[in-house]
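*Asks:* Quick one: the structure is below, and I'll ask about it shortly.
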Amino acid sequence: MMLDVISIINRENKMKRSLCLLIIISAFVLLNECGKKQKDSGSIVLHDILQLQQAQINSFDPIDAYHAGHIQVVKQIFNTLTDVDLKGEIVPSLAKSWETLDGTNWVFQLRNDVYFANDSCFKDKSERLFNVEDVKYTFERLLNKDSKSLGISYFNNLFGIDEFRNGESNGIEGIVIKDDYTILFKLKEKDYNFPNLLSLPYTSIVKKQAIIFYGNDVKLHPVGTGAFKLKRFESNEQIVFARNESYWEIQNDMQLPFIDEVVLNLTTDDNLAFLMFKNHKSDFLELSLPIQRQLENTKMPFEYTKEILKQTQLNFYLFNLEKITEKNIRQRINYAISREKLQSIINEQGVVTQSLFPSIFGDLANSNPVLTYSPEKARNLLNSKMTIKLVCFEDTLSRALADFIAKELQIYSIDVKIEAVTFPVLAERLTKGNYDMIQIYWGLLYADVSHFLNPFRTTSFPPAGNNFNKYSNHDFDNLAQEAPKMPIEKQYELYLKAQEIILNDMPFFLAYYKNGIRVSDAKFEMPLHPLGYRFYKYARKSPQRK
């Protein structure tokens with residue numbers, strides 16, 4: 001009996017030991033699997049720096065998207081009906097197709113599989129579904145009589161827009177809903193470039209429920225259909241975007257975006273931006289002139305790659321036409337400044353322009369004889385003393401260019417007084433006409449040639465547009481107005497004629513097209529976009545890096 005009891009006890013002890021061993025093994029396996037899952041499902045986080053000029057991020061609302069930094073953040077959260085691809089061509093986005101028979105009536109077919117990002121402003125998923133009402137509401141919100149958006153001036157060709165803006169009608173007659181996913185845009189005059197306008201960030205599609213729910217706070221509570229959602233915003237310091245799990249776009253049978261989070265550091269300090277990149281606080285860095293010099297003179301603790309995106313922003317100097325009234329004087333100032341020396345100062349930062357149009361438009365950007373250095377022509381008329389007040393930005397490159405222009409014009413008895421100021425002060429000088437020459441830039445908001453003519457049309461006098469020095473030429477206006485009415489293949493001839501007129505009048509000194517220069521620590525691959533947009537949705541971990 002005792003042997004039986006001992007046997008039983010021994011068997012029970014063996015069973016307990018076996019059970020304990022099984023528990024330990026199971027726990028080890030479970031922890032190991034959990035570790036694998038945690039590793040496999042770990043967030044892919046990209047760090048970047050948004051180097052702002054003086055204009056800070058204070059809104060994520062598309063109708064406020066007037067400066068480069070604001071546009072960058074809006075593009076992450078929202079979609080437009082059309083978009084510009086990596087080749088600079090207009091492509092479908094929330095609209096899957098469009099057609100016109102006469103250039104006046106445009107029918108757009110919309111996607112029916114898109115949802116706005118999940119947000120507390122929606123009761124259920126059905127409220128998040130994108131449809132034609134969202135398009136109609138977006139444009140009525142952008143263009144209503146109380147709107148102060150700079151995007152208004154692009155849509156003066158919509159049928160019934162004047163009555164709507166004046167408060168004489170409750171809707172825009174030129175926007176007609178055909179069914180849940182079909183919408184008609186009716187224009188006053190032909191415009192074969194109209195789909196390009198629908199890629200403007202101002203027209204990013206919003207949801208009425210979200211706008212009403214957040215009211216005045218909607219600027220800091222964006223709800224869109226884009227690849228990312230706003231996770232956190234620390235004013236003037238950092239923006240964090242999180243992956244929108246509901247995002248609709250697929251690339252090569254893979255769901256976008258490829259990363260889970262973007263940490264976007266905000267700064268106006270070039271030195272701080274450089275240190276963040278050097279200390280692995282950012283995976284990308286855009287090179288201004290001071291940063292480029294620091295990079296060239298610093299031994300970096302890691303290898304980096306450099307990419308250049310050519311001609312993203314036109315930099316020029318407006319003449320005050322009320323003070324420098326003679327066309328010949330303005331022309332000869334252009335002849336007086338050496339483009340070769342100008343290029344040596346700009347270096348990789350840009351390309352001295354040979355045209356009003358950037359290289360993205362091919363043959364339109366060819367060399368123009370007016371934009372050449374000719375001391376002989378300059379001396380013919382610049383033979384009397386005069387003083388010019390030149391207002392510029394206060395960054396290193398802007399000041400260097402202003403000093404160079406002053407030195408060049410001094411040869412011809414022109415005394416240049418330079419005032420280097422902050423962005424708000426420059427804007428005040430510009431709007432009040434307190435300048436003789438003033439630095440200004442015009443970015444690629446959308447891939448349309450007319451974008452580079454619009455700021456000089458008579459119809460673009462403020463507040464309707466950005467014709468700040470109020471240049472006006474009837475023949476130029478006619479060509480700029482008629483070109484979009486022509487089929488695409490016939491437009492370029494008219495654009496060239498319009499450029500010839502404005503270069504003859506020379507209401508500006510055309511300086512250079514800025515290049516986008518970006519260095520990377522090679523952790524991520526992210527394609528350069530021809531308009532300078534940061535398409536984080538296409539970013540992915542580099543296959544060379546783990």
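Going by the structure tokens order, chains are called A, B, ..., each with residues numbered from 1, while ligands are numbered from 1 in the order shown.
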Given only C-alpha atoms, how would the per-residue table for segment 178-228 of chain A near segment 257-276 of chain A read, listing every residue at most 12 Å away with its closest atom pair and distance in Å to one decimal, sorted by chain and number, as a Markdown table?
*Replies:*
```
| residue | atom | partner | partner_atom | distance |
| --- | --- | --- | --- | --- |
| A:Gly226 | CA | A:Pro257 | CA | 9.7 |
| A:Ala227 | CA | A:Pro257 | CA | 6.1 |
| A:Phe228 | CA | A:Pro257 | CA | 8.0 |
```
*Asks:* Can I get the selection written as a PDB file, in the first residue's frame, with N, CA, C and O atoms?
*Replies:*
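What follows is the written file part-v5.pdb:
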```
ATOM      1  N   GLY A 226      -7.937  62.448 -47.029  1.00  0.00           N
ATOM      2  CA  GLY A 226      -6.544  62.254 -47.395  1.00  0.00           C
ATOM      3  C   GLY A 226      -5.870  61.090 -46.699  1.00  0.00           C
ATOM      4  O   GLY A 226      -6.457  60.388 -45.859  1.00  0.00           O
ATOM      5  N   ALA A 227      -4.601  60.902 -47.017  1.00  0.00           N
ATOM      6  CA  ALA A 227      -3.850  59.736 -46.544  1.00  0.00           C
ATOM      7  C   ALA A 227      -3.555  59.786 -45.050  1.00  0.00           C
ATOM      8  O   ALA A 227      -3.288  58.750 -44.433  1.00  0.00           O
ATOM      9  N   PHE A 228      -3.615  60.982 -44.448  1.00  0.00           N
ATOM     10  CA  PHE A 228      -3.265  61.121 -43.036  1.00  0.00           C
ATOM     11  C   PHE A 228      -4.310  61.946 -42.287  1.00  0.00           C
ATOM     12  O   PHE A 228      -5.045  62.730 -42.881  1.00  0.00           O
TER      13      PHE A 228
END
```
*Asks:* Using only C-alpha atoms, find the one residue out of A:Arg293, A:Leu321, A:Leu314, A:Lys523 that sits nearest to Gly443 of chain A.
*Replies:*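 Closest residue, counting only C-alpha atoms: A:Leu314.
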*Asks:* From the set A:Thr80, A:Gln410, A:Thr100, A:Ser450, which residue has the shortest atom-to-atom contact distance to Leu382 of chain A, counting only C-alpha atoms?
*Replies:* A:Gln410
*Asks:* Which residues, written as JSON, numbers by chain, have at least one atom at most 12 Å from Ala117 of chain A, with only C-alpha atoms counted and residues fewer than 2 positions away on the same chain left out?
*Replies:* {"A": [77, 78, 79, 114, 115, 119, 120, 121, 122, 124, 125, 126, 127, 128, 129, 130, 206, 207, 210, 221, 222, 223, 224, 225, 226, 227, 228, 229, 230, 231, 242, 243, 244, 245, 246, 247, 248]}
*Asks:* I'd like the contact shell of Tyr66 of chain A - 12 Å cut-off, only C-alpha atoms, skipping same-chain residues fewer than 3 positions apart - returned as a PyMOL selection string.
*Replies:* chain A and resi 55-63+69-74+148-152+200-203+442-445+466
*Asks:* Which residue is closest to Leu342 of chain A? Choose from A:Ser355, A:Asn193, A:Ser169, A:Thr372 and count only C-alpha atoms.
*Replies:*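 Looking at the shortest contact to Leu342 of chain A, the residue is A:Thr372.
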*Asks:* So that I can check the surroundings of Ala511 of chain A, please list as a list in words every protein, DNA and RNA residue that reaches within 9 Å of it, counting only C-alpha atoms and ignoring chain neighbours fewer than 6 positions away.
*Replies:* Leu314, Asn315, Phe316, Tyr317, Arg339, Leu342, Val351, Val352 and Thr353 of chain A
*Asks:* Could you please take those selected residues and save C-alpha atoms as a compact mmCIF listing (two decimals), in the first residue's frame?
*Replies:*
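For reference, selection.txt as written:
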```
# COMPACT_ATOMS: atom_id res chain seq x y z
CA LEU A 314 9.62 82.06 -59.67
CA ASN A 315 11.52 84.78 -57.81
CA PHE A 316 11.34 88.29 -59.23
CA TYR A 317 11.23 91.98 -58.33
CA ARG A 339 22.86 86.84 -65.49
CA LEU A 342 23.65 86.31 -60.75
CA VAL A 351 18.37 78.71 -62.17
CA VAL A 352 18.50 82.22 -63.65
CA THR A 353 15.34 82.37 -65.70
```
*Asks:* Could you please write out, as an MDAnalysis selection string, every residue of segment 20-204 of chain A that DSSP assigns to strand (DSSP E or B)?
*Replies:* chainID A and resid 45:51 82:84 90:92 95:100 105:110 115 129 158 175:179 182:187
*Asks:* Run DSSP on the backbone and tell me which residues of segment 328-481 of chain A come out as helix (DSSP H, G or I); list them as a VMD selection string.
*Replies:* chain A and resid 328 to 336 339 to 349 359 to 365 369 to 371 375 to 381 396 to 410 423 to 432 449 to 452 454 to 456 458 to 460 474 to 481
*Asks:* Given only C-alpha atoms as the basis, pick out the residue of A:Tyr192, A:Asp475, A:Val519, A:Asn118 nearest to Glu489 of chain A.
*Replies:*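 The shortest atom-to-atom distance to Glu489 of chain A comes from A:Tyr192.
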*Asks:* Need to verify the contact set: Phe155 of chain A, 12 Å, only C-alpha atoms, exclusion of same-chain residues closer than 4 positions in sequence. Can you return it as a VMD selection string?
*Replies:* chain A and resid 139 to 140 142 to 144 149 to 151 159 to 162 164 to 165 172 174 to 175 185 to 189 191 194 to 198 200 202 to 203 464 to 465
*Asks:* Restricting it to N, CA and C atoms, dump the selection as a JSON list (two decimals), in the first residue's frame.
*Replies:*
```
[["chain", "number", "residue", "atom", "x", "y", "z"],
["A", 139, "PHE", "N", -17.48, 74.06, -52.69],
["A", 139, "PHE", "CA", -17.35, 75.24, -53.55],
["A", 139, "PHE", "C", -18.22, 76.39, -53.06],
["A", 140, "GLU", "N", -19.37, 76.09, -52.52],
["A", 140, "GLU", "CA", -20.22, 77.16, -51.98],
["A", 140, "GLU", "C", -19.57, 77.78, -50.74],
["A", 142, "LEU", "N", -16.27, 77.91, -50.20],
["A", 142, "LEU", "CA", -15.11, 78.65, -50.68],
["A", 142, "LEU", "C", -15.50, 79.98, -51.30],
["A", 143, "LEU", "N", -16.63, 80.02, -52.02],
["A", 143, "LEU", "CA", -16.95, 81.16, -52.88],
["A", 143, "LEU", "C", -18.06, 82.06, -52.36],
["A", 144, "ASN", "N", -18.59, 81.79, -51.17],
["A", 144, "ASN", "CA", -19.71, 82.60, -50.69],
["A", 144, "ASN", "C", -19.27, 84.02, -50.37],
["A", 149, "SER", "N", -11.13, 83.91, -48.78],
["A", 149, "SER", "CA", -10.09, 83.05, -49.33],
["A", 149, "SER", "C", -9.48, 83.63, -50.60],
["A", 150, "LEU", "N", -8.17, 83.47, -50.75],
["A", 150, "LEU", "CA", -7.49, 83.91, -51.97],
["A", 150, "LEU", "C", -7.83, 82.99, -53.14],
["A", 151, "GLY", "N", -8.49, 81.87, -52.86],
["A", 151, "GLY", "CA", -8.86, 80.96, -53.93],
["A", 151, "GLY", "C", -10.05, 81.43, -54.76],
["A", 159, "PHE", "N", -20.48, 79.98, -64.03],
["A", 159, "PHE", "CA", -21.78, 80.57, -64.35],
["A", 159, "PHE", "C", -22.54, 80.85, -63.05],
["A", 160, "GLY", "N", -23.03, 82.08, -62.89],
["A", 160, "GLY", "CA", -23.80, 82.45, -61.71],
["A", 160, "GLY", "C", -22.97, 82.83, -60.51],
["A", 161, "ILE", "N", -21.64, 82.93, -60.68],
["A", 161, "ILE", "CA", -20.80, 83.22, -59.52],
["A", 161, "ILE", "C", -21.00, 84.64, -59.01],
["A", 162, "ASP", "N", -21.26, 85.58, -59.89],
["A", 162, "ASP", "CA", -21.43, 86.97, -59.46],
["A", 162, "ASP", "C", -22.67, 87.12, -58.59],
["A", 164, "PHE", "N", -24.09, 84.79, -56.85],
["A", 164, "PHE", "CA", -23.86, 84.08, -55.59],
["A", 164, "PHE", "C", -22.97, 84.90, -54.67],
["A", 165, "ARG", "N", -21.92, 85.49, -55.21],
["A", 165, "ARG", "CA", -21.00, 86.28, -54.39],
["A", 165, "ARG", "C", -21.68, 87.55, -53.85],
["A", 172, "ILE", "N", -24.76, 78.34, -56.54],
["A", 172, "ILE", "CA", -24.04, 78.71, -57.75],
["A", 172, "ILE", "C", -24.71, 78.01, -58.93],
["A", 174, "GLY", "N", -23.86, 77.58, -61.83],
["A", 174, "GLY", "CA", -22.95, 76.80, -62.67],
["A", 174, "GLY", "C", -22.49, 75.49, -62.05],
["A", 175, "ILE", "N", -22.99, 75.14, -60.88],
["A", 175, "ILE", "CA", -22.67, 73.84, -60.26],
["A", 175, "ILE", "C", -23.98, 73.08, -60.13],
["A", 185, "PHE", "N", -20.16, 71.26, -64.05],
["A", 185, "PHE", "CA", -19.68, 72.63, -63.88],
["A", 185, "PHE", "C", -19.93, 73.38, -65.19],
["A", 186, "LYS", "N", -20.69, 74.48, -65.10],
["A", 186, "LYS", "CA", -21.00, 75.30, -66.28],
["A", 186, "LYS", "C", -20.20, 76.59, -66.18],
["A", 187, "LEU", "N", -19.48, 76.92, -67.25],
["A", 187, "LEU", "CA", -18.63, 78.10, -67.27],
["A", 187, "LEU", "C", -19.22, 79.18, -68.16],
["A", 188, "LYS", "N", -18.88, 80.44, -67.88],
["A", 188, "LYS", "CA", -19.33, 81.54, -68.72],
["A", 188, "LYS", "C", -18.64, 81.48, -70.09],
["A", 189, "GLU", "N", -17.33, 81.18, -70.07],
["A", 189, "GLU", "CA", -16.54, 81.11, -71.29],
["A", 189, "GLU", "C", -15.76, 79.80, -71.32],
["A", 191, "ASP", "N", -13.00, 77.07, -71.25],
["A", 191, "ASP", "CA", -11.72, 76.92, -70.56],
["A", 191, "ASP", "C", -11.34, 75.44, -70.61],
["A", 194, "PHE", "N", -9.81, 73.85, -67.36],
["A", 194, "PHE", "CA", -10.60, 73.89, -66.12],
["A", 194, "PHE", "C", -10.26, 72.77, -65.14],
["A", 195, "PRO", "N", -10.04, 71.52, -65.59],
["A", 195, "PRO", "CA", -9.70, 70.47, -64.61],
["A", 195, "PRO", "C", -8.46, 70.79, -63.79],
["A", 196, "ASN", "N", -7.54, 71.60, -64.34],
["A", 196, "ASN", "CA", -6.35, 71.98, -63.58],
["A", 196, "ASN", "C", -6.71, 72.77, -62.33],
["A", 197, "LEU", "N", -7.72, 73.64, -62.45],
["A", 197, "LEU", "CA", -8.14, 74.46, -61.31],
["A", 197, "LEU", "C", -8.64, 73.62, -60.15],
["A", 198, "LEU", "N", -9.19, 72.45, -60.46],
["A", 198, "LEU", "CA", -9.78, 71.61, -59.43],
["A", 198, "LEU", "C", -8.73, 70.83, -58.65],
["A", 200, "LEU", "N", -6.31, 72.73, -57.20],
["A", 200, "LEU", "CA", -5.85, 73.76, -56.26],
["A", 200, "LEU", "C", -6.19, 73.35, -54.83],
["A", 202, "TYR", "N", -7.13, 75.04, -52.38],
["A", 202, "TYR", "CA", -8.34, 75.72, -51.90],
["A", 202, "TYR", "C", -9.59, 74.86, -52.08],
["A", 203, "THR", "N", -9.57, 74.01, -53.12],
["A", 203, "THR", "CA", -10.76, 73.22, -53.48],
["A", 203, "THR", "C", -10.76, 71.84, -52.84],
["A", 464, "ALA", "N", -9.18, 91.24, -55.95],
["A", 464, "ALA", "CA", -9.60, 90.12, -56.79],
["A", 464, "ALA", "C", -8.45, 89.18, -57.15],
["A", 465, "GLY", "N", -7.21, 89.66, -57.03],
["A", 465, "GLY", "CA", -6.07, 88.83, -57.41],
["A", 465, "GLY", "C", -4.77, 89.40, -56.90]]
```
*Asks:* I'd like to know which of A:Val416, A:Ile49, A:Met300, A:Leu510 is closest to Gln331 of chain A, using only C-alpha atoms.
*Replies:*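 Of all the options, A:Leu510 lies closest to Gln331 of chain A.
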*Asks:* Have a look at A:Asp102, A:Asp85, A:Glu394, A:Glu525 and name the one nearest to Phe284 of chain A; count only C-alpha atoms.
*Replies:* A:Glu525
*Asks:* Using atom CA of Met386 of chain A and atom CA of Ala406 of chain A as the two end points, give the distance in Å to one decimal.
*Replies:*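 Separating atom CA of Met386 of chain A from atom CA of Ala406 of chain A is a distance of 12.2 Å.
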